Each structure stands twice: as C-alpha cells, then as structure tokens.
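Colleague: Sharing upload-v5.txt, compact mmCIF, C-alpha atoms and all ligand atoms:
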# COMPACT_ATOMS: atom_id res chain seq x y z
CA MET N 1 -13.25 17.64 -9.46
CA GLU N 2 -10.56 20.31 -9.89
CA LYS N 3 -8.40 19.72 -12.97
CA PRO N 4 -4.73 19.36 -11.94
CA GLU N 5 -2.44 22.14 -13.16
CA ARG N 6 0.52 20.58 -15.03
CA THR N 7 2.65 23.70 -15.68
CA VAL N 8 2.62 26.31 -12.95
CA SER N 9 4.24 29.66 -13.57
CA GLN N 10 2.61 31.67 -10.81
CA LYS N 11 3.48 31.33 -7.14
CA PHE N 12 1.07 29.47 -4.86
CA GLY N 13 0.16 32.36 -2.55
CA LEU N 14 2.07 30.78 0.35
CA LYS N 15 4.54 33.61 0.92
CA ASP N 16 3.49 34.11 4.54
CA THR N 17 3.99 30.39 5.19
CA VAL N 18 7.53 30.26 3.80
CA GLN N 19 8.75 33.72 4.85
CA PRO N 20 10.01 32.61 8.30
CA GLN N 21 12.09 29.83 6.67
CA LEU N 22 13.53 32.24 4.09
CA GLU N 23 14.44 34.75 6.81
CA LYS N 24 16.06 32.06 8.91
CA SER N 25 18.23 30.81 6.06
CA TYR N 26 19.14 33.93 4.14
CA HIS N 27 18.42 37.13 6.05
CA SER N 28 21.16 39.13 7.81
CA PRO N 29 20.65 41.73 10.56
CA LEU N 30 24.25 42.91 10.02
CA ILE N 31 23.58 43.72 6.37
CA ASP N 32 20.41 45.60 7.39
CA ARG N 33 22.51 47.69 9.81
CA LEU N 34 25.12 48.36 7.14
CA ARG N 35 22.45 49.63 4.76
CA GLN N 36 21.02 51.90 7.45
CA ASN N 37 24.53 53.16 8.17
CA GLY N 38 25.23 54.44 4.66
CA PHE N 39 26.72 51.09 3.50
CA GLU N 40 29.79 51.56 5.76
CA LEU N 41 31.12 49.74 8.80
CA LYS N 42 34.17 50.63 10.90
CA ALA N 43 35.71 47.67 12.73
CA GLY N 44 39.20 48.09 14.24
CA ARG N 45 41.65 48.84 11.45
CA LEU N 46 39.06 48.01 8.76
CA THR N 47 36.57 50.29 7.12
CA ILE N 48 34.19 48.14 5.11
CA TYR N 49 32.24 49.65 2.23
CA LEU N 50 29.34 47.69 0.84
CA ALA N 51 28.33 48.29 -2.79
CA LYS N 52 24.99 50.10 -3.13
CA GLU N 53 23.56 47.21 -5.16
CA PHE N 54 24.59 43.68 -4.31
CA GLY N 55 23.29 40.18 -3.64
CA PHE N 56 19.92 38.61 -4.48
CA CYS N 57 18.22 39.99 -7.59
CA TYR N 58 14.47 39.93 -8.23
CA GLY N 59 14.74 36.78 -10.40
CA VAL N 60 16.66 34.81 -7.78
CA GLU N 61 14.39 35.90 -4.92
CA ARG N 62 11.40 34.81 -6.94
CA ALA N 63 12.90 31.42 -7.87
CA ILE N 64 13.88 30.60 -4.28
CA GLU N 65 10.56 31.70 -2.85
CA TYR N 66 8.82 29.68 -5.50
CA ALA N 67 10.81 26.53 -4.60
CA TYR N 68 9.94 26.96 -0.90
CA GLU N 69 6.27 27.49 -1.75
CA THR N 70 6.35 24.35 -3.90
CA ARG N 71 7.62 22.31 -0.94
CA ALA N 72 4.88 23.80 1.27
CA LYS N 73 2.17 23.15 -1.31
CA PHE N 74 3.20 19.56 -2.17
CA SER N 75 4.45 18.41 1.21
CA ASN N 76 4.10 14.68 0.47
CA ARG N 77 5.22 14.61 -3.15
CA ARG N 78 8.63 14.02 -4.74
CA ILE N 79 10.12 17.31 -5.94
CA PHE N 80 13.09 17.53 -8.31
CA LEU N 81 15.43 20.14 -9.73
CA THR N 82 16.89 19.68 -13.21
CA GLY N 83 20.16 21.14 -11.88
CA GLU N 84 21.16 24.04 -9.65
CA ILE N 85 18.20 26.41 -9.26
CA ILE N 86 20.71 29.28 -9.13
CA HIS N 87 24.50 29.19 -8.88
CA ASN N 88 24.95 29.35 -5.13
CA PRO N 89 26.01 26.28 -3.14
CA ARG N 90 24.31 27.44 0.09
CA VAL N 91 20.92 27.81 -1.57
CA ASN N 92 21.15 24.47 -3.38
CA ALA N 93 22.19 22.72 -0.16
CA GLU N 94 19.22 24.26 1.71
CA LEU N 95 16.84 22.96 -0.95
CA GLN N 96 18.32 19.48 -0.69
CA HIS N 97 17.81 19.58 3.08
CA MET N 98 14.14 20.21 2.32
CA ASN N 99 14.17 16.99 0.29
CA ILE N 100 14.09 18.76 -3.05
CA GLN N 101 16.34 16.44 -5.03
CA PHE N 102 18.53 16.87 -8.10
CA LEU N 103 17.79 14.66 -11.09
CA SER N 104 20.63 12.47 -12.34
CA GLY N 105 22.73 13.45 -15.36
CA SER N 106 23.74 17.09 -15.31
CA GLY N 107 21.80 17.49 -12.04
CA GLY N 108 24.14 15.01 -10.35
CA GLY N 109 21.38 13.28 -8.33
CA THR N 110 20.33 9.65 -8.21
CA VAL N 111 16.84 9.67 -9.79
CA SER N 112 16.67 9.64 -13.58
CA ALA N 113 14.21 11.84 -15.48
CA ASP N 114 12.93 8.59 -17.07
CA ALA N 115 11.66 7.47 -13.66
CA LEU N 116 9.38 10.49 -13.23
CA GLY N 117 5.61 10.14 -13.25
CA LYS N 118 2.46 12.23 -13.02
CA GLU N 119 2.70 12.62 -9.27
CA ASP N 120 6.18 14.14 -9.42
CA ILE N 121 7.01 17.84 -9.42
CA VAL N 122 9.91 19.28 -11.43
CA ILE N 123 11.19 22.81 -10.77
CA MET N 124 12.69 24.68 -13.72
CA PRO N 125 15.62 26.92 -12.64
CA ALA N 126 15.77 30.73 -12.85
CA PHE N 127 17.85 30.53 -16.04
CA GLY N 128 15.32 28.25 -17.79
CA VAL N 129 15.84 24.90 -19.52
CA PRO N 130 16.21 23.93 -23.19
CA VAL N 131 12.89 23.57 -24.94
CA GLU N 132 13.50 19.83 -25.64
CA ALA N 133 13.91 19.12 -21.92
CA LEU N 134 10.75 21.05 -21.13
CA ARG N 135 8.81 18.99 -23.71
CA ASP N 136 10.14 15.75 -22.22
CA PHE N 137 8.85 16.68 -18.78
CA GLN N 138 5.52 17.71 -20.27
CA LYS N 139 5.23 14.33 -22.05
CA LYS N 140 5.81 12.52 -18.78
CA GLY N 141 2.90 14.45 -17.34
CA CYS N 142 4.73 15.65 -14.23
CA VAL N 143 3.80 18.97 -12.68
CA ILE N 144 6.24 21.61 -13.89
CA VAL N 145 6.95 24.58 -11.66
CA ASP N 146 8.56 27.19 -13.88
CA THR N 147 10.77 29.72 -12.05
CA THR N 148 12.40 31.07 -15.24
CA CYS N 149 13.22 34.75 -14.72
CA GLY N 150 11.20 37.26 -16.77
CA SER N 151 14.46 38.85 -17.96
CA VAL N 152 15.56 35.52 -19.45
CA MET N 153 12.18 35.14 -21.14
CA SER N 154 12.59 38.55 -22.71
CA VAL N 155 15.78 37.26 -24.40
CA TRP N 156 13.73 34.32 -25.70
CA ARG N 157 11.14 36.73 -27.12
CA ARG N 158 13.93 38.59 -28.89
CA VAL N 159 15.27 35.33 -30.36
CA ASP N 160 11.72 34.43 -31.50
CA SER N 161 11.53 37.70 -33.41
CA TYR N 162 14.91 36.99 -35.06
CA ASN N 163 13.61 33.52 -36.05
CA ARG N 164 10.47 35.03 -37.58
CA ASP N 165 12.42 37.57 -39.64
CA GLY N 166 15.12 35.20 -40.89
CA PHE N 167 17.98 36.55 -38.74
CA THR N 168 20.67 34.38 -37.15
CA SER N 169 20.78 34.97 -33.38
CA VAL N 170 24.31 35.90 -32.36
CA ILE N 171 24.53 35.68 -28.61
CA HIS N 172 27.24 37.16 -26.44
CA GLY N 173 27.46 34.49 -23.75
CA LYS N 174 29.00 31.21 -22.67
CA TYR N 175 27.77 28.35 -24.84
CA ASP N 176 27.79 25.90 -21.92
CA HIS N 177 25.95 28.14 -19.45
CA GLU N 178 22.43 26.89 -18.66
CA GLU N 179 20.79 30.17 -19.64
CA THR N 180 22.53 30.34 -23.00
CA ARG N 181 21.78 26.67 -23.71
CA ALA N 182 18.10 27.38 -23.00
CA THR N 183 18.17 30.47 -25.24
CA CYS N 184 19.97 28.67 -28.10
CA SER N 185 17.37 25.89 -28.01
CA ARG N 186 14.79 28.51 -29.01
CA ALA N 187 16.80 29.88 -31.96
CA PHE N 188 16.46 28.40 -35.46
CA LYS N 189 20.05 29.45 -36.16
CA TYR N 190 22.54 30.69 -33.61
CA LEU N 191 26.17 31.45 -32.92
CA VAL N 192 27.53 32.10 -29.41
CA VAL N 193 30.56 34.37 -28.96
CA LYS N 194 32.14 34.51 -25.56
CA ASP N 195 34.38 37.57 -25.82
CA ARG N 196 35.94 40.26 -28.02
CA SER N 197 38.53 37.90 -29.42
CA GLN N 198 35.87 35.49 -30.76
CA ALA N 199 33.80 38.44 -31.99
CA GLU N 200 36.86 39.63 -33.93
CA GLN N 201 37.05 36.24 -35.70
CA VAL N 202 33.37 36.48 -36.66
CA CYS N 203 33.84 40.05 -37.91
CA GLN N 204 36.77 38.99 -40.09
CA TYR N 205 34.60 36.27 -41.59
CA ILE N 206 31.79 38.71 -42.30
CA GLU N 207 34.25 41.03 -44.03
CA GLY N 208 35.54 38.18 -46.20
CA PHE N 209 38.90 37.44 -44.52
CA GLY N 210 37.98 34.32 -42.59
CA ASN N 211 39.04 30.72 -42.93
CA ARG N 212 35.96 28.49 -43.08
CA GLY N 213 37.61 25.37 -41.61
CA LEU N 214 39.14 27.31 -38.73
CA PHE N 215 35.88 29.13 -38.07
CA LEU N 216 33.88 25.90 -37.86
CA GLU N 217 36.51 24.38 -35.58
CA VAL N 218 36.52 27.35 -33.16
CA PHE N 219 32.71 27.52 -32.96
CA LYS N 220 31.88 23.81 -33.31
CA LYS N 221 30.20 23.69 -29.87
CA ALA N 222 28.82 27.20 -30.10
CA CYS N 223 26.61 27.16 -33.18
CA SER N 224 23.42 25.52 -34.42
CA ALA N 225 23.57 22.22 -36.34
CA GLY N 226 24.58 22.75 -39.97
CA PHE N 227 25.69 26.34 -39.37
CA ASP N 228 27.10 27.80 -42.58
CA PRO N 229 29.18 30.95 -41.96
CA ASP N 230 29.03 31.87 -45.64
CA HIS N 231 25.27 32.10 -45.52
CA ASP N 232 24.24 32.38 -41.86
CA LEU N 233 26.13 35.60 -41.11
CA GLU N 234 24.29 37.61 -43.76
CA LYS N 235 21.58 38.76 -41.33
CA ILE N 236 22.48 39.03 -37.65
CA GLY N 237 20.28 39.63 -34.62
CA PHE N 238 22.41 40.35 -31.54
CA ALA N 239 21.45 39.49 -27.95
CA ASN N 240 23.31 38.71 -24.74
CA GLN N 241 23.22 36.24 -21.91
CA THR N 242 21.63 38.41 -19.22
CA THR N 243 24.65 38.32 -16.90
CA MET N 244 27.50 39.29 -19.24
CA LEU N 245 29.87 42.21 -18.82
CA SER N 246 27.78 45.04 -20.15
CA ARG N 247 30.60 47.17 -21.60
CA GLU N 248 31.98 44.14 -23.49
CA SER N 249 28.54 43.39 -24.95
CA ILE N 250 28.22 46.96 -26.21
CA GLU N 251 31.70 46.79 -27.80
CA ILE N 252 30.94 43.47 -29.49
CA SER N 253 27.64 44.72 -30.84
CA GLU N 254 29.43 47.76 -32.31
CA MET N 255 32.05 45.49 -33.90
CA PHE N 256 29.32 43.50 -35.68
CA ARG N 257 27.55 46.65 -36.76
CA GLY N 258 30.83 47.97 -38.24
CA SER N 259 31.55 44.75 -40.13
CA ILE N 260 28.06 44.53 -41.61
CA ILE N 261 28.39 48.14 -42.80
CA LYS N 262 31.81 47.41 -44.32
CA LYS N 263 30.47 44.38 -46.15
CA HIS N 264 27.03 45.60 -47.27
CA GLY N 265 27.18 49.39 -47.03
CA PRO N 266 25.46 51.84 -44.66
CA ASP N 267 22.04 51.62 -46.32
CA ALA N 268 21.73 47.85 -46.38
CA PHE N 269 22.79 47.33 -42.78
CA LYS N 270 19.35 48.18 -41.34
CA ASN N 271 17.95 45.05 -42.98
CA ARG N 272 20.90 42.95 -41.94
CA PHE N 273 21.68 43.88 -38.34
CA ARG N 274 19.50 44.12 -35.27
CA HIS N 275 20.59 44.71 -31.75
CA PHE N 276 18.77 44.49 -28.48
CA ASP N 277 20.52 44.86 -25.13
CA THR N 278 19.35 41.92 -23.03
CA ILE N 279 21.67 42.43 -20.05
CA CYS N 280 19.20 42.42 -17.15
CA SER N 281 18.79 45.51 -15.00
CA ALA N 282 19.93 43.66 -11.85
CA THR N 283 23.23 42.72 -13.51
CA GLN N 284 23.69 46.27 -14.79
CA ASP N 285 22.95 47.81 -11.37
CA ARG N 286 25.48 45.53 -9.63
CA GLN N 287 28.14 46.28 -12.25
CA ASP N 288 27.55 50.04 -11.90
CA ALA N 289 27.74 49.77 -8.10
CA VAL N 290 31.07 47.93 -8.13
CA LEU N 291 32.46 50.60 -10.47
CA GLU N 292 31.39 53.23 -7.93
CA LEU N 293 33.04 51.22 -5.15
CA GLY N 294 36.28 50.93 -7.14
CA ARG N 295 36.43 54.69 -7.68
CA LYS N 296 36.49 55.15 -3.88
CA LYS N 297 40.02 53.69 -3.91
CA MET N 298 39.74 50.54 -1.84
CA ASN N 299 42.80 48.56 -0.72
CA LEU N 300 41.01 45.38 -1.75
CA ILE N 301 37.55 44.25 -2.83
CA PHE N 302 35.72 41.06 -1.95
CA VAL N 303 33.27 39.70 -4.50
CA ILE N 304 31.20 36.99 -2.88
CA GLY N 305 29.34 34.29 -4.79
CA GLY N 306 29.30 30.78 -6.21
CA TYR N 307 32.25 29.95 -8.44
CA LYS N 308 29.85 28.94 -11.24
CA SER N 309 28.01 32.25 -11.06
CA SER N 310 28.57 34.19 -14.27
CA ASN N 311 27.44 37.56 -12.93
CA THR N 312 29.67 37.21 -9.83
CA GLY N 313 32.67 36.46 -12.05
CA HIS N 314 32.04 39.62 -14.06
CA LEU N 315 31.78 41.73 -10.89
CA ALA N 316 35.20 40.37 -9.88
CA GLU N 317 36.59 41.27 -13.31
CA ILE N 318 35.40 44.86 -12.92
CA ALA N 319 36.70 45.13 -9.34
CA SER N 320 40.13 43.82 -10.34
CA GLY N 321 40.54 46.84 -12.60
CA PHE N 322 40.85 49.00 -9.47
CA CYS N 323 42.72 47.00 -6.82
CA PRO N 324 43.31 43.38 -5.71
CA ALA N 325 39.92 41.64 -5.93
CA PHE N 326 39.07 38.26 -4.42
CA HIS N 327 36.14 36.21 -5.70
CA VAL N 328 35.33 34.08 -2.65
CA GLU N 329 32.53 31.57 -2.24
CA ASP N 330 31.86 32.01 1.48
CA ALA N 331 33.53 32.65 4.86
CA SER N 332 35.50 29.38 4.67
CA SER N 333 37.46 30.92 1.77
CA LEU N 334 39.13 33.29 4.25
CA VAL N 335 41.38 30.59 5.65
CA SER N 336 43.45 32.96 7.81
CA SER N 337 45.03 36.41 7.71
CA GLU N 338 47.86 34.65 5.87
CA MET N 339 45.89 32.68 3.30
CA ILE N 340 42.79 33.19 1.18
CA ARG N 341 41.16 30.73 -1.25
CA HIS N 342 39.56 32.39 -4.26
CA LYS N 343 38.69 31.95 -7.92
CA LYS N 344 41.16 33.35 -10.42
CA ILE N 345 39.66 36.31 -12.28
CA GLY N 346 38.41 35.33 -15.72
CA ALA N 347 39.38 31.65 -15.26
CA GLN N 348 38.11 28.48 -13.60
CA GLU N 349 41.14 27.89 -11.39
CA ILE N 350 40.85 28.10 -7.60
CA LEU N 351 43.90 29.77 -6.07
CA GLU N 352 45.32 29.91 -2.58
CA THR N 353 47.03 33.24 -2.09
CA THR N 354 49.25 34.10 0.88
CA SER N 355 50.04 37.50 2.43
CA TRP N 356 46.81 38.84 0.98
CA LEU N 357 45.70 41.14 3.81
CA PRO N 358 47.53 44.49 3.88
CA ALA N 359 48.79 45.82 7.23
CA GLY N 360 47.52 48.99 8.90
CA GLU N 361 44.28 50.89 8.38
CA ILE N 362 42.59 49.62 5.20
CA LYS N 363 39.49 50.25 3.14
CA VAL N 364 37.75 47.02 2.10
CA GLY N 365 35.09 46.95 -0.61
CA MET N 366 32.41 44.28 -0.47
CA THR N 367 29.93 43.14 -3.08
CA ALA N 368 28.12 39.93 -3.99
CA GLY N 369 26.61 38.32 -7.06
CA ALA N 370 22.89 38.15 -7.75
CA SER N 371 22.63 34.63 -6.31
CA THR N 372 24.41 35.29 -2.99
CA PRO N 373 22.31 35.38 0.20
CA ASN N 374 22.88 38.24 2.66
CA ARG N 375 23.63 35.64 5.32
CA VAL N 376 26.71 34.52 3.38
CA ILE N 377 27.90 38.13 3.03
CA GLU N 378 27.44 38.61 6.77
CA GLU N 379 29.55 35.53 7.52
CA VAL N 380 32.35 36.78 5.26
CA ILE N 381 32.36 40.18 7.01
CA GLU N 382 32.39 38.56 10.47
CA LYS N 383 35.26 36.25 9.51
CA LEU N 384 37.23 39.14 8.04
CA ILE N 385 36.82 41.21 11.21
CA GLN N 386 37.86 38.22 13.31
CA ILE N 387 41.09 37.50 11.42
CA ALA N 388 42.19 41.07 10.55
S1 LIG P 401 20.58 37.89 -12.82
FE1 LIG P 401 19.00 38.94 -14.03
S2 LIG P 401 18.25 37.37 -15.47
FE2 LIG P 401 19.36 36.29 -13.84
S3 LIG P 401 17.77 35.76 -12.37
FE3 LIG P 401 18.63 37.74 -11.72
S4 LIG P 401 17.27 39.28 -12.64
FE4 LIG P 401 16.91 37.34 -13.69
Could you take the file, read its structure, and then write that structure out as structure tokens?
Modeller:
Amino acid sequence: MEKPERTVSQKFGLKDTVQPQLEKSYHSPLIDRLRQNGFELKAGRLTIYLAKEFGFCYGVERAIEYAYETRAKFSNRRIFLTGEIIHNPRVNAELQHMNIQFLSGSGGGTVSADALGKEDIVIMPAFGVPVEALRDFQKKGCVIVDTTCGSVMSVWRRVDSYNRDGFTSVIHGKYDHEETRATCSRAFKYLVVKDRSQAEQVCQYIEGFGNRGLFLEVFKKACSAGFDPDHDLEKIGFANQTTMLSRESIEISEMFRGSIIKKHGPDAFKNRFRHFDTICSATQDRQDAVLELGRKKMNLIFVIGGYKSSNTGHLAEIASGFCPAFHVEDASSLVSSEMIRHKKIGAQEILETTSWLPAGEIKVGMTAGASTPNRVIEEVIEKLIQIA
C-alpha cells in the first residue's frame, strides 16, 4: 500500500484540471488587451496607463494554484487554511466558496486546530507559518500542503546562517506581519525594525547613546525573549521582510553599517555586520514600475490591492510621491465620481474622500499589488470609465 505523504511541498500535477477555474475567477481579457496595446487605454477623457509590472507575483500564483489543486486532489476531505493564504479578500472568499475553511483563532473560522486529525489537510500560506505552528500540525498527523514562497524561504536560510554564526537577525519588517512572524520564529535572536525612525533608535544604542528601559519598551513586541541590547547588538545580520520598501531597507542597512563602524572601527565591522537584501524580485519589479509610471506625470494613480497587503501599501507610498494616489481594494471603493473610499497612505485608516476626480482630460496611472487578481483590476478600470 502507498505510504501517505504528510507534508507536500510540490504541486499535484493537476494544473490542467484547475486551470479553467483559475481563468474564470481571476483572468481578465481587458488586461490582456491593455498589455498588447503598450499598457495604455484611451476611454473618453481618460488615458489609462498600466504599470509594466503589476498584480500576481510568481509566489502568489503558485500558492493559489496549489490550493485549487489540493481541493481537486482531496475532493472529499476537510481542507483548512491557518489564515489568509495571501492578502486579497477576493481570493480568500473564492477559496471559502470551494469549502476551504479558515481555522479558528487568527484564522477567524469555526474549527479549532485542536479538532484536526489525520484525515484533514492544512494549507500553509505563501508567507509561511511560525515553526511552532508547523510542528503542532505535524504532531496531529494532518496532511500539510506547504505553499510557502521560495523567496520567503531564502530569508529563512539567511536567518539560519546568522544563527549558526552567532549573529542577531535584525529584520526590516512589521513584527505582526505573518511573514515576519514566521521568519522570527526561525531566529535564535532577533529584533524587528519597522522604519528609519526605529532604526535610528537602534543605531543610537549601538553607538552608546541609548536608554535601555526606553529601548526595551519600544521593541517589547519586536524582539526575541530575553533580548539584551547591551549584548545582542554586538553582531548584526540584516535581512528584510520580502515586501518592504526597497530604498528604505537599503538606507536602514547603511545606517547599521555606519553605527557598527563608529562603535568598533572599520576593520572589526566585517566580523560584526552582515547584510543580505531579501526584498523579493517581484516586489522590486513592481516598485520600479510604479516609479516609472510616476515619472510620466499622471494626474492620479490607483494602487489596487487588499488593505492588509504590505507590498500594495508600499506601492501606494511610492505613487503618492508623484501625485494623488488612492489605495483601493476593489471597484466598490470607487463609490461615485464624487466619492472614493481608500486606505490612508502609510496608515491603517480607511478614508472617504470627496471631489477626488479631476475635471477635463486626465492621465490615470494604474498598478496593483502582488496579491491582486487581474479580474479585480479590470473591474476597477470599468467602474472608473463608467463614472468619469
Ligand atoms: S511578494 Fe515576493 S515573497 Fe511574497 S509571495 Fe510574491 S514573490 Fe513570494
């Protein structure tokens, strides 16, 4: 008898079976036409320019396809997600319609992980899960379908090497983001810094000007248990959450390098500072493309994607440096030509802005985060044309 596979990290070879479903849910003929037409579309008083790189990345495509293949392979079994497979509400809703359920707790579903058994399937999301959670599922004996993106696993390999060589992993990321939580769980010692301002505080500490109590208060949720800034900042290995703002990550890394040199001298720093850029290529390509779009002098730019999506938020930040930029979730965000609902740049707040659509002939930029289906982009474009 064939031995059952308990952890599956290769797809099931059912791509042809699931392709029609994927096309039906996520594909867009309009976006295909836009690509063929040099990423431009003229519609009445609007000229719409689509970024050259946008939407689904390789990791997200793989994770979604994998989830669909899992449903096809185990048609009669219970299948669960530990939380959102990626940060896009449309995709998560589609999976729930296929009876792929969320677990309770952070997943928000009704079935507890404690109730899982050997017959159940659990899908790990594209951003991975903390190592403790993975072990729990393994102990229960359920089949684990691992869709963790290869780019996330390369951050984990980097952290492993820092562990081996006695370096503290300093991660530019958001401590409560799933990917960063998964990465931190693999580090013996870690500190997460979310931006330049926090990096500045760490640099001051390294250089001997910090306040220990204040430091521990600021980073209490963002460091490993028992973190000692007097000892654990002596040797730093730098990495990033894959979806951070690339230019900020580079600046932060340089700040740390400078502080280590100031404290220990230029010769010693090689043994005390390591840096590896772990921003994934899909994130970088989308950030570069929105910069290119901004330089074309748009009147406004739409950035489409889930409000929890880190990479979408960073695209909106970049776009807002050029012109008004609206981070919208889907077509329903364009309430009317008078009102738009959108996420505030760099914050969690959802705003309703009036008089947002300029009069006359306008150039509109359009991009989307790595977890946004083309179908959602199409719907936003159609709604915009309808109300303009
Ligand atoms: S954004 Fe990057 S790391 Fe995240 S799933 Fe896509 S390719 Fe992978």
Colleague: Residues within 10 Å of ligand LIG 401 (chain P) should be enumerated using only C-alpha atoms and all ligand atoms and returned as a PDB file with C-alpha atoms, keeping the file's coordinate frame.
Modeller:
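part02.pdb written:
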ATOM      1  CA  GLY N  55      23.290  40.180  -3.640  1.00  0.00           C
ATOM      2  CA  PHE N  56      19.920  38.610  -4.480  1.00  0.00           C
ATOM      3  CA  CYS N  57      18.220  39.990  -7.590  1.00  0.00           C
ATOM      4  CA  TYR N  58      14.470  39.930  -8.230  1.00  0.00           C
ATOM      5  CA  GLY N  59      14.740  36.780 -10.400  1.00  0.00           C
ATOM      6  CA  VAL N  60      16.660  34.810  -7.780  1.00  0.00           C
ATOM      7  CA  GLU N  61      14.390  35.900  -4.920  1.00  0.00           C
ATOM      8  CA  ARG N  62      11.400  34.810  -6.940  1.00  0.00           C
ATOM      9  CA  ALA N  63      12.900  31.420  -7.870  1.00  0.00           C
ATOM     10  CA  ILE N  85      18.200  26.410  -9.260  1.00  0.00           C
ATOM     11  CA  ILE N  86      20.710  29.280  -9.130  1.00  0.00           C
ATOM     12  CA  PRO N 125      15.620  26.920 -12.640  1.00  0.00           C
ATOM     13  CA  ALA N 126      15.770  30.730 -12.850  1.00  0.00           C
ATOM     14  CA  PHE N 127      17.850  30.530 -16.040  1.00  0.00           C
ATOM     15  CA  GLY N 128      15.320  28.250 -17.790  1.00  0.00           C
ATOM     16  CA  THR N 147      10.770  29.720 -12.050  1.00  0.00           C
ATOM     17  CA  THR N 148      12.400  31.070 -15.240  1.00  0.00           C
ATOM     18  CA  CYS N 149      13.220  34.750 -14.720  1.00  0.00           C
ATOM     19  CA  GLY N 150      11.200  37.260 -16.770  1.00  0.00           C
ATOM     20  CA  SER N 151      14.460  38.850 -17.960  1.00  0.00           C
ATOM     21  CA  VAL N 152      15.560  35.520 -19.450  1.00  0.00           C
ATOM     22  CA  MET N 153      12.180  35.140 -21.140  1.00  0.00           C
ATOM     23  CA  SER N 154      12.590  38.550 -22.710  1.00  0.00           C
ATOM     24  CA  VAL N 155      15.780  37.260 -24.400  1.00  0.00           C
ATOM     25  CA  GLU N 179      20.790  30.170 -19.640  1.00  0.00           C
ATOM     26  CA  GLN N 241      23.220  36.240 -21.910  1.00  0.00           C
ATOM     27  CA  THR N 242      21.630  38.410 -19.220  1.00  0.00           C
ATOM     28  CA  THR N 243      24.650  38.320 -16.900  1.00  0.00           C
ATOM     29  CA  MET N 244      27.500  39.290 -19.240  1.00  0.00           C
ATOM     30  CA  THR N 278      19.350  41.920 -23.030  1.00  0.00           C
ATOM     31  CA  ILE N 279      21.670  42.430 -20.050  1.00  0.00           C
ATOM     32  CA  CYS N 280      19.200  42.420 -17.150  1.00  0.00           C
ATOM     33  CA  SER N 281      18.790  45.510 -15.000  1.00  0.00           C
ATOM     34  CA  ALA N 282      19.930  43.660 -11.850  1.00  0.00           C
ATOM     35  CA  THR N 283      23.230  42.720 -13.510  1.00  0.00           C
ATOM     36  CA  GLN N 284      23.690  46.270 -14.790  1.00  0.00           C
ATOM     37  CA  ARG N 286      25.480  45.530  -9.630  1.00  0.00           C
ATOM     38  CA  SER N 309      28.010  32.250 -11.060  1.00  0.00           C
ATOM     39  CA  SER N 310      28.570  34.190 -14.270  1.00  0.00           C
ATOM     40  CA  ASN N 311      27.440  37.560 -12.930  1.00  0.00           C
ATOM     41  CA  THR N 312      29.670  37.210  -9.830  1.00  0.00           C
ATOM     42  CA  GLY N 369      26.610  38.320  -7.060  1.00  0.00           C
ATOM     43  CA  ALA N 370      22.890  38.150  -7.750  1.00  0.00           C
ATOM     44  CA  SER N 371      22.630  34.630  -6.310  1.00  0.00           C
TER      45      SER N 371
END
Colleague: Check the smallest atom-to-atom distance from each of N:Gly44, N:Gly13, N:Gly109, N:Gly213 to Leu384 of chain N using only C-alpha atoms, then report the winner.
Modeller: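 Of all the options, N:Gly44 lies closest to Leu384 of chain N.
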Colleague: Rounded to one decimal in Å, what is the spacing between atom CA of Leu293 of chain N and atom CA of Ile318 of chain N?
Modeller: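 Between atom CA of Leu293 of chain N and atom CA of Ile318 of chain N the gap is 10.3 Å.
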Colleague: Would you please work out which residue, of N:Met124, N:Leu103, N:Ile252, N:Cys203, is nearest to Gly173 of chain N when using all atoms listed in the file?
Modeller: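 Once distances to Gly173 of chain N are computed over all atoms listed in the file, the minimum belongs to N:Ile252.
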Colleague: Would you mind listing what lies within 12 Å of Phe322 of chain N as a list in words, with all atoms listed in the file counted and same-chain residues fewer than 5 positions away left out?
Modeller: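 The filter keeps Val290, Leu291, Glu292, Leu293, Gly294, Arg295, Lys296, Lys297, Met298, Asn299, Leu300, Ile301, Leu315, Ala316, Glu317 and Gly365 of chain N.
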Colleague: Could you save the residues just selected, with C-alpha atoms, as a short mmCIF file (atom, residue, chain, number, x, y, z; two decimals), keeping the file's coordinate frame?
Modeller:
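The file below, part12.cif, is the result:
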data_model
loop_
_atom_site.label_atom_id
_atom_site.label_comp_id
_atom_site.auth_asym_id
_atom_site.auth_seq_id
_atom_site.Cartn_x
_atom_site.Cartn_y
_atom_site.Cartn_z
CA VAL N 290 31.07 47.93 -8.13
CA LEU N 291 32.46 50.60 -10.47
CA GLU N 292 31.39 53.23 -7.93
CA LEU N 293 33.04 51.22 -5.15
CA GLY N 294 36.28 50.93 -7.14
CA ARG N 295 36.43 54.69 -7.68
CA LYS N 296 36.49 55.15 -3.88
CA LYS N 297 40.02 53.69 -3.91
CA MET N 298 39.74 50.54 -1.84
CA ASN N 299 42.80 48.56 -0.72
CA LEU N 300 41.01 45.38 -1.75
CA ILE N 301 37.55 44.25 -2.83
CA LEU N 315 31.78 41.73 -10.89
CA ALA N 316 35.20 40.37 -9.88
CA GLU N 317 36.59 41.27 -13.31
CA GLY N 365 35.09 46.95 -0.61
#
